[in-house]
Amino acid sequence: MEVSSKKKEAYYTATQMQLVRTRFFGNKSAMIAGSILLFMIVCSLFSGFLSPYDPTIAGRDKDYENGAPQIPMFWDENGFSPRPFLHTLSKYRGADTNFRWEYKIDTSKRRYVYFFVKGWEYKYFNYSVNLPGKALDFKIPGITFDTHLFGVKEGGIHLFGTDKAGKDLFSRTLSAIYISLAVGTVGVFISFVLSLIIGGISGYYGGWIDSLLQMFTDAIRTVPPIPLFMCLAAFAPLEWSSELRFFFISCLLGLISWPTLARRVRTHLLSERSQEYILAAQMCGASSTHIIIRHLLPSFTSYIIVDLVISFPYMLLSETALSFIGLGLREPVNSLGVLLQNATKADVLLNYQWYFIPVFFLVVLILTFVYVGDGLRDAADPHKTSNK
Amino acid sequence: MINFIQFTITRAFLAIVTLLIVCFIVFSLMELVPGTCAERYLAFKNTQGSQITFEDIEAEKVRLGLDKPFFYRYGKWVSDIVVRQDFGDSCILRMNINDLLSGRFVLSLTICLVALIFSYLIAIPVGIISATTKYVSLDQSLKFISYLGIALPNFLVALCIMLFMTVYFGDTMTGLFSQEYENAPWSAAKLKDFLGRAWLPIFVLGWNATAFALQTVRALMLDENDKLYVMAARARGISGMSLLWRYPAKHSLGPVINSIGFDLNRIFSALPVVALILILTEAGALLIEALARSNDQQLAGAIIFLLTATIVFVNFITDVLLAIMDPRIRKGVMGGS
């Protein structure tokens with residue numbers, strides 16, 4: 001009896017955030033998705049440490065082009081080894097292989113996998129901004145590391161195989177996840193700011209401003225987004241640097257996807273602005289900006305967070321689609337779309353199916369985002385309290 | 001009745017205003033593309049061996065009306081489309097856009113609409129089952145499938161199907177027609193060939209649309225199912241299918257009809273990418289060609305305009321349809337009659 005009353009008290013005195021957290025942690029599928037998502041994000045942040053090779057052309061393995069995935073093993077017909085190893089490969093081409101390069105496995109020679117090996121150098125906190133005009137350029141050298149989780153002493157180790165130029169697909173996938181997430185984050189942030197401003201003005205002032213802005217928002221919503229993206233992305237000249245292009249594409253994603261969120265912000269503000277506490281603030285002489293920032297925005301922070309998480313996968317998908325058709329990011333920048341660009345060729349479809357490994361990661365990434373977003377939405381919904 | 005006509009006219013007017021705004025956005029975008037049609041035309045001539053001078057460019061600009069102010073050209077573009085149904089000439093292909101698009105746009109539209117119809121035919125019953133089933137695992141797995149519909153975008157589905165086809169059948173099944181029918185006039189044999197190949201783009205386009213529609217239907221049904229009037233009906237002893245179809249399903253159908261326009265929007269959005277992978281020869285493929293390869297602003301503008309006009313038109317139709325079908329809206333529109 002006492003326990004339950006204590007529980008009840010904890011429940012009634014809990015803040016909104018605590019309630020949301022409790023409800024979210026109770027949702028099993030969202031929690032599983034959340035931990036997978038977290039794992040992928042951490043992996044992508046430490047992609048330099050985890051990937052044995054440089055994901056750009058500098059890290060290519062010219063002795064292993066279009067090579068199949070190599071899985072480290074613990075035993076073969078020669079017995080067991082506590083240290084995982086790979087077999088040695090040799091390149092071979094002749095009349096019997098139709099003059100294509102093929103790889104012969106020599107099972108007698110083992111190449112052992114070592115951990116924490118030194119390899120290519122990667123940097124953290126290394127930023128350089130290259131805007132037009134000398135004064136705006138700045139560079140932070142960052143910290144350089146060269147330790148990697150695993151590697152082999154001779155030859156190469158390619159868990160997911162290699163592509164046409166011999167670049168390691170495992171390293172590329174990791175860095176692609178990082179880049180895709182970064183593009184999504186910038187895009188979500190821009191669309192977030194835009195929708196807050198436009199939806200905020202529209203919902204707070206109402207009247208003809210609202211009608212005008214709504215008409216504009218609706219008009220943008222009717223244009224199919226990907227053709228519109230394509231139209232805008234076609235502006236980017238080919239000679240732009242990959243960083244500039246990256247920034248441009250992220251901005252585009254944000255510039256196009258704001259209407260949905262702006263509409264929700266507006267609807268909420270419209271219902272909220274006639275509440276008494278707003279009237280009270282107005283009576284005290286508070287300015288519009290003050291009321292919007294101090295009173296109205298906090299009233300639906302949780303909704304906004306949920307909406308942001310929900311809109312994230314769509315950002316990723318748009319970026320992937322755009323890069324995939326060649327209008328988004330381009331090499332040497334890696335993204336999941338860039339990785340898939342070559343996968344439509346019949347040669348790849350028939351002979352090199354490991355090009356499709358990144359697809360799996362894209363699907364898992366988006367699925368986990370959708371599940372987490374769904375769980376957050378359920379958790380933030382105040383009408384669900386009766387279930388508890 | 002007067003009220004209804006008034007409502008229809010207001011909606012039509014709003015649709016036209018939306019279309020004008022979209023036209024303006026599209027036209028401004030076309031203007032912003034670096035380089036003009038005149039320069040492109042002369043650059044093309046240059047490759048044919050004839051010498052061109054600065055004066056030639058100016059003369060060409062005057063011929064195409066590019067020396068006129070922005071708003072004049074905007075007005076001319078819109079009025080040409082509305083009055084004469086003329087989109088002008090393509091900058092690169094040197095052909096009238098109407099000739100270029102006529103058959104292909106109808107083809108694209110047919111594929112998209114068929115995909116849309118199929119997706120609703122599947123999504124409505126399955127969504128209702130998912131929302132009302134007693135078995136949590138069935139609901140969960142349907143939910144997972146619909147999420148997979150989001151996570152596996154159309155172009156990835158197309159890629160995976162192609163992968164599967166090439167590995168197991170040795171044919172990619174791409175294109176809308178076999179080689180011998182590509183340029184042949186429509187006939188029974190061509191139609192048969194077309195149907196044999198069109199199922200793939202229709203399936204690929206319908207895949208995402210079904211997932212989205214499924215989620216809409218499911219969420220709406222869950223919402224309606226908890227409401228008091230459903231409980232009251234249950235208390236009166238109505239149960240099973242008759243309860244579902246008479247009460248919650250009927251009510252949740254309204255917003256579903258409303259979402260048709262946006263679903264069509266989504267399908268159109270996916271069309272160019274899918275067209276690229278499946279090597280289709282319709283409007284979506286032309287759009288990619290116009291944007292990614294040749295910067296053909298006239299052609300791209302015309303295609304985006306046509307796509308948007310279709311969506312605006314569908315939105316208008318669904319609005320009117322809803323006013324006729326949904327008694328709640330009908331009452332609002334017709335003033336309690």
# chains A, B, ... in the order shown; residues from 1 in each chain; ligands from 1
>>> closest_atom_pairs(of="chain A", to="chain B", cutoff="10 Å", atoms="only C-alpha atoms", output="Markdown table")
| residue | atom | partner | partner_atom | distance |
| --- | --- | --- | --- | --- |
| A:Ser29 | CA | B:Gln140 | CA | 9.8 |
| A:Met215 | CA | B:Thr18 | CA | 7.0 |
| A:Phe216 | CA | B:Ile21 | CA | 7.3 |
| A:Thr217 | CA | B:Thr18 | CA | 9.7 |
| A:Asp218 | CA | B:Thr18 | CA | 7.5 |
| A:Ala219 | CA | B:Thr18 | CA | 5.3 |
| A:Ile220 | CA | B:Val22 | CA | 7.0 |
| A:Arg221 | CA | B:Phe262 | CA | 8.5 |
| A:Thr222 | CA | B:Thr308 | CA | 6.2 |
| A:Val223 | CA | B:Thr308 | CA | 5.4 |
| A:Pro224 | CA | B:Ser269 | CA | 4.8 |
| A:Pro225 | CA | B:Ser269 | CA | 5.9 |
| A:Ile226 | CA | B:Ser269 | CA | 5.0 |
| A:Pro227 | CA | B:Ser269 | CA | 6.1 |
| A:Leu228 | CA | B:Ile304 | CA | 7.9 |
| A:Phe229 | CA | B:Ser269 | CA | 9.7 |
| A:Met230 | CA | B:Leu291 | CA | 6.7 |
| A:Cys231 | CA | B:Leu291 | CA | 6.3 |
| A:Leu232 | CA | B:Leu29 | CA | 7.4 |
| A:Ala233 | CA | B:Ala292 | CA | 8.7 |
| A:Ala234 | CA | B:Leu291 | CA | 6.1 |
| A:Phe235 | CA | B:Val33 | CA | 5.9 |
| A:Ala236 | CA | B:Val33 | CA | 9.4 |
| A:Pro237 | CA | B:Pro34 | CA | 8.9 |
| A:Pro313 | CA | B:Ala151 | CA | 7.9 |
| A:Tyr314 | CA | B:Ile150 | CA | 8.6 |
| A:Leu316 | CA | B:Ala151 | CA | 9.9 |
| A:Leu317 | CA | B:Pro153 | CA | 7.2 |
| A:Ser318 | CA | B:Pro153 | CA | 9.5 |
| A:Thr320 | CA | B:Pro153 | CA | 9.5 |
| A:Ala321 | CA | B:Val273 | CA | 7.1 |
| A:Leu322 | CA | B:Val273 | CA | 8.5 |
| A:Phe324 | CA | B:Val273 | CA | 8.4 |
| A:Ile325 | CA | B:Val273 | CA | 6.7 |
| A:Gly326 | CA | B:Ala292 | CA | 7.4 |
| A:Leu327 | CA | B:Ala292 | CA | 6.5 |
| A:Leu340 | CA | B:Leu156 | CA | 9.1 |
| A:Ala343 | CA | B:Leu159 | CA | 7.9 |
| A:Thr344 | CA | B:Leu159 | CA | 6.7 |
| A:Lys345 | CA | B:Ile277 | CA | 9.5 |
| A:Ala346 | CA | B:Thr166 | CA | 7.8 |
| A:Asp347 | CA | B:Thr166 | CA | 9.9 |
| A:Val348 | CA | B:Leu163 | CA | 9.0 |
| A:Leu349 | CA | B:Leu163 | CA | 5.4 |
| A:Leu350 | CA | B:Val167 | CA | 6.1 |
| A:Asn351 | CA | B:Val167 | CA | 9.0 |
| A:Gln353 | CA | B:Leu163 | CA | 7.9 |
| A:Phe356 | CA | B:Cys160 | CA | 8.6 |
| A:Val359 | CA | B:Leu156 | CA | 7.5 |
| A:Phe360 | CA | B:Leu152 | CA | 9.4 |
| A:Leu362 | CA | B:Ala151 | CA | 7.7 |
| A:Val363 | CA | B:Ala151 | CA | 5.1 |
| A:Val364 | CA | B:Ala151 | CA | 7.6 |
| A:Leu365 | CA | B:Ala151 | CA | 8.2 |
| A:Ile366 | CA | B:Ala151 | CA | 5.2 |
| A:Leu367 | CA | B:Ala151 | CA | 5.5 |
| A:Thr368 | CA | B:Ala151 | CA | 9.1 |
| A:Phe369 | CA | B:Ala151 | CA | 9.3 |
| A:Val370 | CA | B:Tyr147 | CA | 7.1 |
| A:Tyr371 | CA | B:Tyr147 | CA | 8.1 |
>>> write_last_selection(atoms="C-alpha atoms", output="PDB file, in the first residue's frame")
ATOM      1  CA  SER A  29      11.086  -1.965 -29.619  1.00  0.00           C
ATOM      2  CA  MET A 215      -0.704  29.718 -49.123  1.00  0.00           C
ATOM      3  CA  PHE A 216       3.024  29.910 -49.745  1.00  0.00           C
ATOM      4  CA  THR A 217       3.707  26.859 -47.571  1.00  0.00           C
ATOM      5  CA  ASP A 218       0.996  24.853 -49.309  1.00  0.00           C
ATOM      6  CA  ALA A 219       2.312  25.809 -52.716  1.00  0.00           C
ATOM      7  CA  ILE A 220       5.762  24.512 -51.765  1.00  0.00           C
ATOM      8  CA  ARG A 221       4.237  21.341 -50.382  1.00  0.00           C
ATOM      9  CA  THR A 222       2.537  20.584 -53.702  1.00  0.00           C
ATOM     10  CA  VAL A 223       5.781  20.512 -55.668  1.00  0.00           C
ATOM     11  CA  PRO A 224       7.210  16.985 -55.603  1.00  0.00           C
ATOM     12  CA  PRO A 225      10.325  17.322 -53.418  1.00  0.00           C
ATOM     13  CA  ILE A 226      12.873  15.233 -55.302  1.00  0.00           C
ATOM     14  CA  PRO A 227      12.345  16.968 -58.668  1.00  0.00           C
ATOM     15  CA  LEU A 228      12.595  20.255 -56.785  1.00  0.00           C
ATOM     16  CA  PHE A 229      15.819  19.091 -55.134  1.00  0.00           C
ATOM     17  CA  MET A 230      17.139  18.078 -58.480  1.00  0.00           C
ATOM     18  CA  CYS A 231      16.272  21.445 -59.931  1.00  0.00           C
ATOM     19  CA  LEU A 232      18.112  23.252 -57.150  1.00  0.00           C
ATOM     20  CA  ALA A 233      21.021  20.843 -57.012  1.00  0.00           C
ATOM     21  CA  ALA A 234      21.591  21.394 -60.713  1.00  0.00           C
ATOM     22  CA  PHE A 235      22.848  24.864 -59.800  1.00  0.00           C
ATOM     23  CA  ALA A 236      25.920  23.538 -58.075  1.00  0.00           C
ATOM     24  CA  PRO A 237      28.758  23.924 -60.552  1.00  0.00           C
ATOM     25  CA  PRO A 313      15.177   9.569 -41.881  1.00  0.00           C
ATOM     26  CA  TYR A 314      13.537  11.518 -44.691  1.00  0.00           C
ATOM     27  CA  LEU A 316      18.826  10.736 -45.089  1.00  0.00           C
ATOM     28  CA  LEU A 317      16.661   9.235 -47.808  1.00  0.00           C
ATOM     29  CA  SER A 318      16.555  12.433 -49.842  1.00  0.00           C
ATOM     30  CA  THR A 320      20.812   9.214 -50.637  1.00  0.00           C
ATOM     31  CA  ALA A 321      18.445   9.529 -53.593  1.00  0.00           C
ATOM     32  CA  LEU A 322      20.079  12.764 -54.693  1.00  0.00           C
ATOM     33  CA  PHE A 324      22.546   8.223 -56.067  1.00  0.00           C
ATOM     34  CA  ILE A 325      21.434   9.967 -59.258  1.00  0.00           C
ATOM     35  CA  GLY A 326      24.613  12.027 -59.247  1.00  0.00           C
ATOM     36  CA  LEU A 327      23.200  15.407 -58.229  1.00  0.00           C
ATOM     37  CA  LEU A 340      25.371   2.935 -54.317  1.00  0.00           C
ATOM     38  CA  ALA A 343      25.640  -0.614 -58.103  1.00  0.00           C
ATOM     39  CA  THR A 344      23.198  -0.371 -61.052  1.00  0.00           C
ATOM     40  CA  LYS A 345      25.697  -1.628 -63.596  1.00  0.00           C
ATOM     41  CA  ALA A 346      24.986  -5.102 -64.927  1.00  0.00           C
ATOM     42  CA  ASP A 347      28.609  -6.068 -64.297  1.00  0.00           C
ATOM     43  CA  VAL A 348      28.245  -5.242 -60.626  1.00  0.00           C
ATOM     44  CA  LEU A 349      24.862  -6.924 -60.355  1.00  0.00           C
ATOM     45  CA  LEU A 350      26.216 -10.126 -61.801  1.00  0.00           C
ATOM     46  CA  ASN A 351      29.704 -10.346 -60.354  1.00  0.00           C
ATOM     47  CA  GLN A 353      27.189  -8.291 -55.180  1.00  0.00           C
ATOM     48  CA  PHE A 356      25.122  -3.916 -51.863  1.00  0.00           C
ATOM     49  CA  VAL A 359      22.219  -0.903 -48.473  1.00  0.00           C
ATOM     50  CA  PHE A 360      21.801  -3.055 -45.397  1.00  0.00           C
ATOM     51  CA  LEU A 362      21.141   2.348 -44.744  1.00  0.00           C
ATOM     52  CA  VAL A 363      18.007   0.307 -44.139  1.00  0.00           C
ATOM     53  CA  VAL A 364      18.963  -0.461 -40.535  1.00  0.00           C
ATOM     54  CA  LEU A 365      19.846   3.176 -39.893  1.00  0.00           C
ATOM     55  CA  ILE A 366      16.506   4.432 -41.184  1.00  0.00           C
ATOM     56  CA  LEU A 367      14.475   1.679 -39.536  1.00  0.00           C
ATOM     57  CA  THR A 368      16.021   2.415 -36.143  1.00  0.00           C
ATOM     58  CA  PHE A 369      15.397   6.131 -36.595  1.00  0.00           C
ATOM     59  CA  VAL A 370      11.758   5.489 -37.452  1.00  0.00           C
ATOM     60  CA  TYR A 371      11.297   3.205 -34.436  1.00  0.00           C
TER      61      TYR A 371
END
>>> select_by_dssp(residues="segment 36-106 of chain A", states="alpha helix (DSSP H)", output="ChimeraX atom specification")
/A:36-45,47-50
>>> closest_residue(among="A:Trp75, A:Phe246, A:Tyr11, A:Tyr122", to="Gly59 of chain A", atoms="only C-alpha atoms")
A:Tyr122
>>> atom_distance(atom1="atom CA of Trp207 of chain B", atom2="atom CA of Ser119 of chain B")
7.4 Å
>>> residues_around(residues="Ile111 of chain B", least_positions_apart="2", cutoff="12 Å", atoms="only C-alpha atoms", output="ChimeraX atom specification")
/B:104-109,113-118,176,194-195,197-206,264,267-268,271,274-275,280,282-284
>>> residues_around(residues="Leu213 of chain A", least_positions_apart="6", cutoff="10 Å", atoms="only C-alpha atoms", output="list in words")
Ile198, Gly199, Ile201, Ser202, Gly203, Gly206 and Ala219 of chain A
>>> write_last_selection(atoms="C-alpha atoms", output="PDB file, in the first residue's frame")
ATOM      1  CA  ILE A 198       7.754  30.817 -40.479  1.00  0.00           C
ATOM      2  CA  GLY A 199       5.386  28.643 -38.482  1.00  0.00           C
ATOM      3  CA  ILE A 201       5.058  34.105 -37.285  1.00  0.00           C
ATOM      4  CA  SER A 202       2.132  32.488 -39.048  1.00  0.00           C
ATOM      5  CA  GLY A 203       0.661  30.972 -35.905  1.00  0.00           C
ATOM      6  CA  GLY A 206      -2.752  34.816 -37.468  1.00  0.00           C
ATOM      7  CA  ALA A 219       2.312  25.809 -52.716  1.00  0.00           C
TER       8      ALA A 219
END
>>> select_by_dssp(residues="segment 129-351 of chain A", states="strand (DSSP E or B)", output="ChimeraX atom specification")
/A:129,138-140,143-152,162,168
>>> residues_around(residues="segment 183-191 of chain A", least_positions_apart="2", cutoff="9 Å", atoms="only C-alpha atoms", output="JSON, numbers by chain")
{"A": [178, 179, 180, 181, 193, 194, 195, 196, 246, 247, 249, 250, 251, 252, 253, 254, 255, 256, 257, 258, 259, 261, 262, 308, 309, 311, 312, 313, 314, 315, 316, 319]}
>>> atom_distance(atom1="atom CA of Asp223 of chain B", atom2="atom CA of Ile128 of chain B")
11.6 Å
>>> residues_around(residues="Arg246 of chain B", least_positions_apart="4", cutoff="12 Å", atoms="only C-alpha atoms", output="PyMOL selection string")
chain B and resi 225+229-230+233-234+238-242+250-253
>>> write_last_selection(atoms="N, CA and C atoms", output="CSV table (one decimal), in the first residue's frame")
chain,number,residue,atom,x,y,z
B,225,ASN,N,-11.3,4.4,-33.3
B,225,ASN,CA,-11.7,3.2,-32.6
B,225,ASN,C,-11.9,3.4,-31.1
B,229,TYR,N,-18.4,7.2,-29.7
B,229,TYR,CA,-19.6,6.7,-30.5
B,229,TYR,C,-19.4,5.3,-30.9
B,230,VAL,N,-18.1,4.9,-31.0
B,230,VAL,CA,-17.9,3.4,-31.4
B,230,VAL,C,-18.2,2.6,-30.2
B,233,ALA,N,-21.9,2.3,-30.0
B,233,ALA,CA,-22.4,1.4,-31.0
B,233,ALA,C,-22.2,-0.1,-30.6
B,234,ARG,N,-21.0,-0.3,-29.9
B,234,ARG,CA,-20.7,-1.6,-29.4
B,234,ARG,C,-21.7,-2.0,-28.3
B,238,ILE,N,-23.8,-3.9,-31.8
B,238,ILE,CA,-23.2,-4.1,-33.1
B,238,ILE,C,-21.8,-4.5,-33.0
B,239,SER,N,-21.4,-5.5,-33.8
B,239,SER,CA,-20.0,-5.9,-33.6
B,239,SER,C,-19.5,-6.4,-35.0
B,240,GLY,N,-18.2,-6.8,-35.0
B,240,GLY,CA,-17.6,-7.3,-36.2
B,240,GLY,C,-17.5,-6.4,-37.3
B,241,MET,N,-17.7,-6.9,-38.5
B,241,MET,CA,-17.5,-6.1,-39.7
B,241,MET,C,-18.5,-5.0,-39.9
B,242,SER,N,-19.7,-5.3,-39.5
B,242,SER,CA,-20.8,-4.3,-39.7
B,242,SER,C,-20.5,-3.1,-38.8
B,250,LYS,N,-15.7,4.3,-41.8
B,250,LYS,CA,-16.3,5.3,-42.6
B,250,LYS,C,-15.8,6.7,-42.3
B,251,HIS,N,-15.6,6.9,-41.0
B,251,HIS,CA,-15.1,8.2,-40.6
B,251,HIS,C,-13.6,8.4,-40.9
B,252,SER,N,-12.9,7.3,-40.8
B,252,SER,CA,-11.5,7.6,-41.1
B,252,SER,C,-11.2,7.6,-42.6
B,253,LEU,N,-12.2,7.3,-43.4
B,253,LEU,CA,-11.9,7.4,-44.8
B,253,LEU,C,-11.7,8.8,-45.3
>>> residues_around(residues="Val372 of chain A", least_positions_apart="5", cutoff="8 Å", atoms="only C-alpha atoms", output="PyMOL selection string")
chain A and resi 30-31+33-34+309
